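Dumped upload.cif below, it's mmCIF, C-alpha atoms:
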```cif
data_run
#
loop_
_atom_site.label_atom_id
_atom_site.label_comp_id
_atom_site.auth_asym_id
_atom_site.auth_seq_id
_atom_site.Cartn_x
_atom_site.Cartn_y
_atom_site.Cartn_z
CA MET A 1 155.20 52.68 40.08
CA ALA A 2 151.91 53.40 38.38
CA SER A 3 151.13 56.91 37.37
CA SER A 4 148.51 58.71 39.40
CA SER A 5 147.10 60.57 36.41
CA PRO A 6 143.92 59.12 34.81
CA ASN A 7 144.15 57.30 31.53
CA ARG A 8 143.31 59.47 28.54
CA ARG A 9 140.03 58.39 26.94
CA SER A 10 139.66 57.80 23.26
CA ASP A 11 137.29 60.74 22.99
CA ASP A 12 140.14 63.09 23.90
CA SER A 13 141.50 62.78 20.37
CA ASP A 14 140.22 66.28 19.56
CA ASP A 15 142.49 67.66 22.26
CA GLU A 16 145.41 65.71 20.82
CA ASP A 17 144.81 67.25 17.38
CA TYR A 18 144.66 70.71 18.90
CA SER A 19 147.88 70.13 20.85
CA ARG A 20 149.65 68.86 17.72
CA LEU A 21 148.40 71.87 15.73
CA MET A 22 149.54 74.42 18.29
CA SER A 23 152.93 72.74 18.74
CA ASN A 24 153.89 73.98 15.28
CA VAL A 25 153.08 77.60 16.08
CA THR A 26 156.07 79.75 16.95
CA PRO A 27 155.16 82.24 19.68
CA VAL A 28 155.77 85.88 18.92
CA THR A 29 157.65 87.82 21.55
CA THR A 30 156.86 91.46 22.16
CA PRO A 31 159.65 93.73 23.34
CA ALA A 32 159.15 95.39 26.69
CA ARG A 33 157.93 98.96 26.59
CA LYS A 34 159.30 101.82 28.62
CA ARG A 35 156.93 103.35 31.16
CA ASN A 36 157.30 106.55 33.16
CA ALA A 37 156.20 107.13 36.70
CA ASP A 38 152.59 107.55 35.61
CA HIS A 39 152.72 104.21 33.84
CA LEU A 40 152.12 105.85 30.48
CA ASP A 41 153.55 104.24 27.38
CA THR A 42 156.25 106.56 26.07
CA SER A 43 157.66 104.20 23.46
CA ASP A 44 157.43 105.50 19.92
CA ASP A 45 158.32 102.11 18.46
CA PRO A 46 155.55 100.70 16.24
CA LEU A 47 153.87 97.45 17.20
CA PRO A 48 155.53 94.42 15.64
CA PRO A 49 153.83 93.14 12.52
CA LEU A 50 151.67 90.05 12.80
CA ASP A 51 153.77 86.99 12.23
CA MET A 52 152.42 85.51 8.99
CA ALA A 53 153.63 82.11 10.13
CA LEU A 54 150.60 82.03 12.39
CA LEU A 55 148.32 82.26 9.36
CA ARG A 56 150.03 79.64 7.22
CA VAL A 57 148.86 76.05 7.26
CA ASN A 58 151.58 73.46 7.30
CA GLY A 59 151.31 69.73 6.88
CA ASN A 60 150.69 69.06 10.54
CA HIS A 61 147.89 71.59 10.65
CA LEU A 62 146.24 70.16 7.59
CA GLY A 63 146.51 66.63 8.91
CA ALA A 64 144.89 67.53 12.19
CA ILE A 65 142.09 69.40 10.40
CA THR A 66 141.48 66.51 8.01
CA ASN A 67 141.35 63.96 10.83
CA PHE A 68 138.91 66.12 12.78
CA ALA A 69 136.60 66.54 9.77
CA THR A 70 136.70 62.81 9.10
CA ARG A 71 135.77 61.95 12.69
CA LYS A 72 132.82 64.29 12.37
CA ARG A 73 131.67 62.04 9.52
CA LEU A 74 131.73 64.68 6.84
CA ARG A 75 131.33 63.46 3.28
CA PRO A 76 134.53 63.20 1.16
CA GLU A 77 133.68 66.29 -0.83
CA GLN A 78 133.05 68.18 2.40
CA VAL A 79 136.43 67.13 3.79
CA THR A 80 138.04 68.40 0.60
CA ALA A 81 136.18 71.71 0.98
CA VAL A 82 137.49 72.03 4.55
CA GLU A 83 141.06 71.43 3.38
CA THR A 84 140.68 74.06 0.67
CA PHE A 85 139.21 76.49 3.18
CA ALA A 86 142.19 75.93 5.49
CA ARG A 87 144.67 76.82 2.73
CA ASP A 88 142.81 80.02 1.76
CA PRO A 89 144.03 83.43 2.90
CA ILE A 90 142.17 84.80 5.90
CA ALA A 91 140.32 87.39 3.79
CA VAL A 92 139.00 84.63 1.55
CA GLN A 93 138.01 82.56 4.57
CA LEU A 94 135.99 85.44 6.07
CA GLY A 95 134.30 86.02 2.72
CA LYS A 96 133.34 82.37 2.44
CA ILE A 97 131.93 82.37 5.99
CA PHE A 98 129.76 85.39 5.28
CA ALA A 99 128.59 83.96 1.95
CA THR A 100 127.66 80.70 3.66
CA CYS A 101 125.57 82.57 6.25
CA LEU A 102 123.63 84.33 3.51
CA ALA A 103 123.12 81.03 1.68
CA ASN A 104 121.72 79.47 4.85
CA GLU A 105 119.29 82.38 5.27
CA ASN A 106 118.08 81.90 1.69
CA ALA A 107 117.62 78.17 2.24
CA LEU A 108 115.64 78.78 5.43
CA ALA A 109 113.41 81.35 3.70
CA LYS A 110 112.79 78.92 0.86
CA PHE A 111 111.88 76.18 3.33
CA GLN A 112 109.41 78.44 5.12
CA ALA A 113 107.82 79.47 1.82
CA ALA A 114 107.41 75.83 0.76
CA LYS A 115 105.96 74.78 4.12
CA PRO A 116 102.46 73.35 3.57
CA THR A 117 99.42 75.07 5.07
CA PHE A 118 98.44 73.66 8.44
CA GLU A 119 95.51 71.25 8.22
CA ILE A 120 93.52 69.91 11.15
CA ASN A 121 93.70 66.12 11.15
CA SER A 122 90.86 63.82 12.20
CA ALA A 123 92.22 63.22 15.71
CA LEU A 124 92.37 66.96 16.41
CA LYS A 125 88.85 67.47 15.04
CA THR A 126 87.48 64.66 17.20
CA ASN A 127 89.07 65.95 20.40
CA ILE A 128 88.06 69.57 19.81
CA THR A 129 84.46 68.56 19.09
CA ARG A 130 84.32 66.40 22.20
CA ALA A 131 85.72 69.20 24.38
CA VAL A 132 83.26 71.75 22.99
CA ASN A 133 80.25 69.48 23.59
CA ALA A 134 81.42 68.62 27.10
CA MET A 135 81.72 72.33 27.90
CA LEU A 136 78.24 73.10 26.59
CA CYS A 137 76.91 70.31 28.85
CA SER A 138 78.92 71.33 31.92
CA SER A 139 77.32 72.73 35.03
CA ASN A 140 80.34 75.04 35.43
CA ILE A 141 79.89 76.85 32.12
CA SER A 142 79.70 80.63 32.53
CA GLN A 143 78.36 81.52 29.08
CA TYR A 144 77.17 79.55 26.06
CA ARG A 145 78.26 82.03 23.44
CA GLY A 146 81.31 84.27 23.42
CA GLU A 147 85.08 84.16 23.51
CA THR A 148 85.34 82.48 26.92
CA GLY A 149 84.45 79.01 25.67
CA LYS A 150 86.79 79.28 22.70
CA ASN A 151 89.66 80.29 24.97
CA ASP A 152 88.89 77.39 27.29
CA VAL A 153 89.13 74.86 24.45
CA GLN A 154 92.35 76.42 23.18
CA ALA A 155 93.84 76.25 26.68
CA LEU A 156 93.00 72.55 26.90
CA LEU A 157 94.47 72.05 23.42
CA SER A 158 97.75 73.67 24.42
CA ARG A 159 97.88 71.49 27.51
CA HIS A 160 97.03 68.11 25.97
CA ARG A 161 98.41 68.60 22.41
CA TRP A 162 95.63 66.75 20.62
CA GLY A 163 96.16 65.43 17.11
CA ASN A 164 98.73 67.29 15.05
CA PHE A 165 98.76 70.36 17.31
CA VAL A 166 102.34 69.59 18.36
CA VAL A 167 104.67 71.69 20.48
CA GLY A 168 105.50 74.91 18.66
CA THR A 169 102.28 75.07 16.64
CA GLU A 170 101.03 77.89 18.87
CA HIS A 171 103.85 80.05 17.47
CA ASP A 172 102.50 79.64 13.93
CA GLN A 173 99.87 82.37 13.70
CA ALA A 174 98.40 80.93 10.51
CA ALA A 175 97.93 77.52 12.16
CA VAL A 176 96.46 79.08 15.31
CA GLY A 177 94.00 81.04 13.19
CA ILE A 178 92.85 77.85 11.45
CA VAL A 179 92.35 76.07 14.78
CA GLN A 180 90.48 79.01 16.31
CA LYS A 181 88.16 79.16 13.31
CA PHE A 182 87.39 75.46 13.63
CA ILE A 183 86.68 75.79 17.36
CA ALA A 184 84.24 78.62 16.66
CA GLU A 185 82.53 76.55 13.95
CA VAL A 186 82.09 73.59 16.31
CA PHE A 187 80.54 75.82 18.97
CA THR A 188 78.16 77.24 16.37
CA GLN A 189 77.19 73.80 15.08
CA SER A 190 76.63 72.37 18.56
CA ARG A 191 74.54 75.34 19.66
CA SER A 192 72.52 74.89 16.48
CA ILE A 193 71.88 71.23 17.38
CA ILE A 194 70.64 72.26 20.81
CA LYS A 195 68.41 75.00 19.41
CA LYS A 196 66.85 72.71 16.80
CA GLU A 197 65.93 70.12 19.41
CA LEU A 198 64.43 72.84 21.62
CA VAL A 199 62.28 73.93 18.70
CA LYS A 200 61.14 70.39 17.90
CA SER A 201 60.25 69.74 21.56
CA VAL A 202 57.43 72.33 21.66
CA GLU A 203 56.70 73.77 18.19
CA ASN A 204 54.33 72.63 15.49
CA PRO A 205 56.20 71.39 12.42
CA ARG A 206 56.77 73.79 9.55
CA THR A 207 54.26 73.69 6.72
CA LYS A 208 54.42 74.95 3.16
CA ASN A 209 52.37 78.14 2.95
CA GLY A 210 52.99 79.10 -0.62
CA GLY A 211 56.08 81.15 0.11
CA GLN A 212 54.56 82.86 3.14
CA LYS A 213 56.75 83.40 6.20
CA HIS A 214 56.48 80.64 8.77
CA VAL A 215 54.95 81.73 12.07
CA PRO A 216 56.05 79.41 14.90
CA SER A 217 53.37 78.12 17.25
CA LEU A 218 53.28 75.78 20.23
CA ARG A 219 51.89 72.26 20.11
CA PRO A 220 49.41 71.11 22.76
CA LYS A 221 51.03 70.35 26.13
CA ALA A 222 50.43 66.62 25.73
CA ALA A 223 52.60 66.65 22.59
CA HIS A 224 55.56 68.37 24.23
CA THR A 225 58.76 66.43 24.88
CA THR A 226 59.62 65.81 28.52
CA ILE A 227 62.77 67.47 29.81
CA TYR A 228 64.59 64.18 30.28
CA GLN A 229 63.82 62.97 26.77
CA LEU A 230 64.78 66.37 25.36
CA THR A 231 68.10 66.35 27.22
CA LYS A 232 68.76 62.76 26.16
CA THR A 233 68.09 63.60 22.51
CA ILE A 234 70.40 66.63 22.64
CA VAL A 235 73.19 64.55 24.16
CA GLN A 236 72.70 61.82 21.53
CA LYS A 237 72.89 64.36 18.72
CA LEU A 238 75.99 65.99 20.20
CA SER A 239 77.52 62.51 20.46
CA GLY A 240 77.00 62.01 16.74
CA GLY A 241 74.05 59.67 17.16
CA LYS A 242 76.30 57.03 18.68
CA THR A 243 76.58 55.82 22.24
CA ILE A 244 75.95 58.65 24.68
CA SER A 245 79.32 60.04 25.74
CA ILE A 246 78.03 62.81 28.01
CA PRO A 247 76.51 62.04 31.44
CA ILE A 248 72.85 63.04 31.76
CA THR A 249 72.37 64.63 35.17
CA PRO A 250 69.70 66.72 36.86
CA ALA A 251 72.04 69.72 36.63
CA LEU A 252 72.20 69.34 32.83
CA CYS A 253 68.42 68.86 32.57
CA ALA A 254 67.90 72.06 34.59
CA ARG A 255 70.06 74.05 32.17
CA VAL A 256 68.23 72.64 29.17
CA ALA A 257 65.00 73.66 30.89
CA MET A 258 66.37 77.19 31.25
CA MET A 259 67.07 77.27 27.50
CA ARG A 260 63.58 76.02 26.63
CA LYS A 261 62.02 78.63 28.92
CA TRP A 262 63.47 81.45 26.80
CA HIS A 263 62.56 79.79 23.52
CA VAL A 264 58.92 79.48 24.62
CA LYS A 265 58.89 83.12 25.73
CA LYS A 266 60.05 84.16 22.26
CA ILE A 267 57.28 82.15 20.58
CA GLU A 268 54.63 83.50 22.93
CA GLY A 269 55.92 87.05 22.57
CA THR A 270 56.20 87.50 26.32
CA LEU A 271 59.78 88.76 26.41
CA LYS A 272 60.22 91.77 28.64
CA ALA A 273 63.74 92.47 27.47
CA ASP A 274 64.53 94.65 24.46
CA ASN A 275 67.00 92.08 23.18
CA ASP A 276 65.46 88.96 21.65
CA ASP A 277 68.69 87.13 20.79
CA PHE A 278 68.17 83.64 22.18
CA TRP A 279 71.69 82.84 23.37
CA GLU A 280 72.18 86.27 24.88
CA LEU A 281 68.96 85.80 26.84
CA VAL A 282 70.20 82.45 28.13
CA ASP A 283 73.61 83.85 29.10
CA ASP A 284 72.03 86.85 30.82
CA ASP A 285 69.73 84.56 32.80
CA LEU A 286 72.68 82.39 33.83
CA GLN A 287 74.56 85.44 35.02
CA GLU A 288 71.52 86.79 36.85
CA ILE A 289 71.12 83.53 38.79
CA ARG A 290 74.70 83.80 39.98
CA LYS A 291 74.30 87.47 40.80
CA SER A 292 71.11 86.90 42.78
CA ALA A 293 72.71 84.12 44.80
CA ARG A 294 74.95 86.71 46.44
CA SER A 295 72.61 89.70 46.27
CA ASP A 296 73.03 90.46 49.97
CA ASN A 297 76.83 90.33 49.63
CA THR A 298 76.98 87.03 51.43
CA THR A 299 80.25 85.14 51.35
CA ASP A 300 78.93 81.89 52.82
CA PRO A 301 79.72 79.21 50.22
CA LYS A 302 77.02 76.84 51.43
CA LEU A 303 74.35 79.54 51.38
CA ILE A 304 75.27 80.61 47.86
CA ALA A 305 75.30 76.95 46.77
CA ARG A 306 71.79 76.41 48.13
CA ARG A 307 70.50 79.51 46.37
CA VAL A 308 71.96 78.53 43.00
CA ALA A 309 70.67 74.97 43.34
CA LYS A 310 67.24 76.26 44.39
CA ALA A 311 67.05 78.55 41.35
CA PHE A 312 67.77 75.76 38.89
CA SER A 313 65.50 73.38 40.78
CA PHE A 314 62.68 75.89 40.39
CA ILE A 315 63.33 76.16 36.64
CA LEU A 316 63.34 72.37 36.30
CA GLU A 317 60.09 71.92 38.23
CA LYS A 318 58.41 74.69 36.26
CA ASP A 319 59.41 73.00 33.01
CA ARG A 320 57.84 69.73 34.19
CA LYS A 321 54.59 71.47 34.97
CA ARG A 322 54.56 73.39 31.69
CA HIS A 323 55.67 70.66 29.29
CA GLY A 324 54.72 67.49 31.15
CA SER A 325 56.67 64.68 32.78
CA ASN A 326 56.64 60.93 32.67
CA PRO A 327 56.45 59.38 36.16
CA ASP A 328 57.89 56.14 34.80
CA GLU A 329 61.12 57.88 33.77
CA GLU A 330 63.88 58.98 36.09
CA ILE A 331 66.99 61.04 35.57
CA PRO A 332 69.66 58.46 36.38
CA ALA A 333 72.91 59.14 38.11
CA ALA A 334 75.87 59.85 35.88
CA THR A 335 77.46 56.57 36.95
CA THR A 336 74.67 54.62 35.24
CA THR A 337 74.38 56.62 32.03
CA THR A 338 77.81 56.20 30.46
CA ASP A 339 81.08 54.38 30.86
CA ASP A 340 83.70 55.37 33.41
CA ALA A 341 85.94 57.00 30.79
CA ALA A 342 83.16 59.37 29.70
CA ILE A 343 82.32 60.24 33.29
CA SER A 344 85.97 60.93 34.05
CA TYR A 345 86.34 63.08 30.93
CA GLN A 346 83.31 65.21 31.82
CA ALA A 347 84.65 65.60 35.36
CA ASP A 348 87.98 66.82 33.94
CA ILE A 349 86.18 69.40 31.80
CA ASP A 350 84.13 70.54 34.79
CA GLU A 351 87.30 70.95 36.85
CA ALA A 352 89.00 72.88 34.06
CA LEU A 353 86.07 75.30 33.81
CA ASP A 354 85.98 75.67 37.57
CA ALA A 355 89.71 76.49 37.59
CA ARG A 356 89.14 79.10 34.91
CA ASN A 357 86.24 80.55 36.85
CA GLN A 358 88.57 81.17 39.75
CA GLY A 359 90.36 83.76 37.65
CA GLN A 360 87.19 85.55 36.53
CA GLY A 361 85.46 88.41 38.27
CA LEU A 362 82.10 86.89 37.34
CA SER A 363 82.59 83.93 39.70
CA THR A 364 83.54 84.18 43.36
CA ALA A 365 85.14 81.36 45.29
CA ALA A 366 81.87 80.77 47.12
CA GLU A 367 79.89 80.60 43.91
CA ARG A 368 82.32 78.15 42.38
CA GLU A 369 81.94 75.86 45.36
CA GLY A 370 78.19 76.27 45.11
CA GLU A 371 78.11 75.28 41.48
CA GLN A 372 80.21 72.22 42.24
CA ILE A 373 77.71 71.18 44.92
CA GLU A 374 74.90 71.88 42.50
CA SER A 375 76.47 69.74 39.81
CA GLU A 376 76.54 66.88 42.30
CA ALA A 377 73.04 67.50 43.65
CA GLY A 378 71.37 69.10 40.63
CA ALA A 379 68.08 69.51 42.48
CA PRO A 380 66.76 70.39 45.96
CA ALA A 381 68.71 68.87 48.82
CA ALA A 382 65.78 66.55 49.62
CA ALA A 383 65.96 64.93 46.17
CA PRO A 384 69.02 62.77 45.44
CA GLU A 385 70.61 63.10 42.03
CA ALA A 386 70.41 59.37 41.41
CA GLU A 387 66.62 59.32 40.97
CA ILE A 388 64.46 62.34 40.16
CA ASP A 389 61.07 61.97 38.53
CA VAL A 390 60.54 63.92 35.33
#
```
Just dump the structure as structure tokens.
Amino acid sequence: MASSSPNRRSDDSDDEDYSRLMSNVTPVTTPARKRNADHLDTSDDPLPPLDMALLRVNGNHLGAITNFATRKRLRPEQVTAVETFARDPIAVQLGKIFATCLANENALAKFQAAKPTFEINSALKTNITRAVNAMLCSSNISQYRGETGKNDVQALLSRHRWGNFVVGTEHDQAAVGIVQKFIAEVFTQSRSIIKKELVKSVENPRTKNGGQKHVPSLRPKAAHTTIYQLTKTIVQKLSGGKTISIPITPALCARVAMMRKWHVKKIEGTLKADNDDFWELVDDDLQEIRKSARSDNTTDPKLIARRVAKAFSFILEKDRKRHGSNPDEEIPAATTTTDDAAISYQADIDEALDARNQGQGLSTAAEREGEQIESEAGAPAAAPEAEIDV
């Protein structure tokens, strides 16, 4: 009759070694103690001494230990060290264990000290630069300069793990500091590209005046760059002069027009604000548009959306009147300006910024929905985004 117990697997050999080892251990019996009615120990007999046979290693013990170490694929010299350790007195064994722990700590400290400084590889640089430029060209951006944009890029980096920013890198403060510095530099460089193109679109070129300070002045209106051409040039420069990788939309043109408005005011000296910092003026204007859209404490998303879209439409139309427009040029729909991958990437960035806006006090739920509608319309409701004269 077959046995009902399951067959022992070959990987149960460790249990066999343990059973063989313990079979050679003689159990120590402890005499019963006398107890009174209160169950208190009244025996004055001392506890029996520890049976030293438990601490001695016999041949069976050593064989089981050696077989176990061999199955764990230790090197021959390591197996020998295990056998020596097994024969040592317990005090020596404890000392060796403690010494090994300290040696491991020293080795770990040495490894950390020899660890090379984190360097941003080309893939990480490319992805960070692309994310920064997409954010600066997003209709959901809440400010062009400040910590918000940097935090947004770092959040995307932690989510997508671009380049050599692998899991665990965020726990290396030195590496995080290097990445944050690079993100800030890319924002600065991209804003500088935008500002230079704004200057070139309306200003007379610089001339050598024998060391005298250059005084900026506006070119004649006929020599100004149209808003579409200005936006297209900015996008090309942000794309590294290669194929345009950022969709050109009416919403983006309207924001570039808002930037140029403040640059022209600075040149003309018509600023009413005490602060003349260009990017702060732009950010303040962006915030004021959002604030005005809900000035009467309205919570109607569609109403707020129309107000925001109307404000940017007004800025865009005013730019056309001030700096000229070419009736033969049209702001094309995003689907015709770039490939599908670029459109999808920009949409992902817009969604990420919109999700972040939901956690900010600056943006209400209604405003966020309004900006999304605006990014799709980009102009008055009567004018489709696909074709708008500039």
Protein/DNA/RNA residues near (84.2, 75.4, 23.7), cut 9 Å, only C-alpha atoms, as a compact mmCIF listing (two decimals) with C-alpha atoms, keeping the file's coordinate frame:
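The resulting file, part_35.txt, is reproduced below:
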```txt
# COMPACT_ATOMS: atom_id res chain seq x y z
CA ILE A 128 88.06 69.57 19.81
CA THR A 129 84.46 68.56 19.09
CA ALA A 131 85.72 69.20 24.38
CA VAL A 132 83.26 71.75 22.99
CA ASN A 133 80.25 69.48 23.59
CA ALA A 134 81.42 68.62 27.10
CA MET A 135 81.72 72.33 27.90
CA LEU A 136 78.24 73.10 26.59
CA TYR A 144 77.17 79.55 26.06
CA ARG A 145 78.26 82.03 23.44
CA GLU A 147 85.08 84.16 23.51
CA THR A 148 85.34 82.48 26.92
CA GLY A 149 84.45 79.01 25.67
CA LYS A 150 86.79 79.28 22.70
CA ASN A 151 89.66 80.29 24.97
CA ASP A 152 88.89 77.39 27.29
CA VAL A 153 89.13 74.86 24.45
CA GLN A 154 92.35 76.42 23.18
CA ILE A 183 86.68 75.79 17.36
CA ALA A 184 84.24 78.62 16.66
CA VAL A 186 82.09 73.59 16.31
CA PHE A 187 80.54 75.82 18.97
```
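Between CA of Gln93 in chain A and CA of Leu108 in chain A lies a distance of 22.7 Å.
With distances restricted to all atoms listed in the file, A:Ile349 is the closest residue to Ile246 in chain A from A:Ile349, A:Ile289, A:Ile141, A:Ala69.
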task: Decode the PyMOL selection byres ((chain A and resi 324) around 10) for the given file into explicit residues and return them as a list in words.
output: Lys221, Ala222, Ala223, His224, Thr225, Thr226, Ile227, Glu317, Lys318, Asp319, Arg320, Lys321, Arg322, His323, Ser325, Asn326, Pro327 and Val390 of chain A
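CA of Ile65 in chain A to CA of Asn104 in chain A spans 23.4 Å [interatomic distance, one decimal].
Take the candidates A:Leu252, A:Ala91, A:Leu218, A:Ile194 and check each one against Lys237 in chain A using all atoms listed in the file; the shortest distance goes to A:Ile194.
Among A:Ser142, A:Gln229, A:Asn121, A:Thr249, the residue with the shortest atom-to-atom distance to Asp285 in chain A, counting only C-alpha atoms, is A:Ser142.
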re CA of Ala352 in chain A and CA of Ser122 in chain A: distance 23.7 Å
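Considering the residues A:Phe111, A:Ile234, A:Phe68, A:Ala86 and counting all atoms listed in the file, Leu198 in chain A has its shortest atom-to-atom contact with A:Ile234.
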Neighbour list for Val235 in chain A as a PyMOL selection string, cut-off 7 Å, all atoms listed in the file, skip fewer than 3 positions in-chain: chain A and resi 231-232+238-239+244+246
Selection in question (the file shown): the PyMOL selection byres ((chain A and resi 165) around 10). Which residues does it include, as a PyMOL selection string?
chain A and resi 118-121+123-124+157-158+160-164+166-170+175-176+179
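Here the question is which of A:Leu94, A:Leu156, A:Val202, A:Ala257 gets nearest to Ala355 in chain A using all atoms listed in the file, and that residue is A:Leu156.
For the set A:Val199, A:Leu353, A:Cys137, A:Ile304, the residue with the smallest atom-to-atom gap to Arg255 in chain A is A:Cys137, counting only C-alpha atoms.
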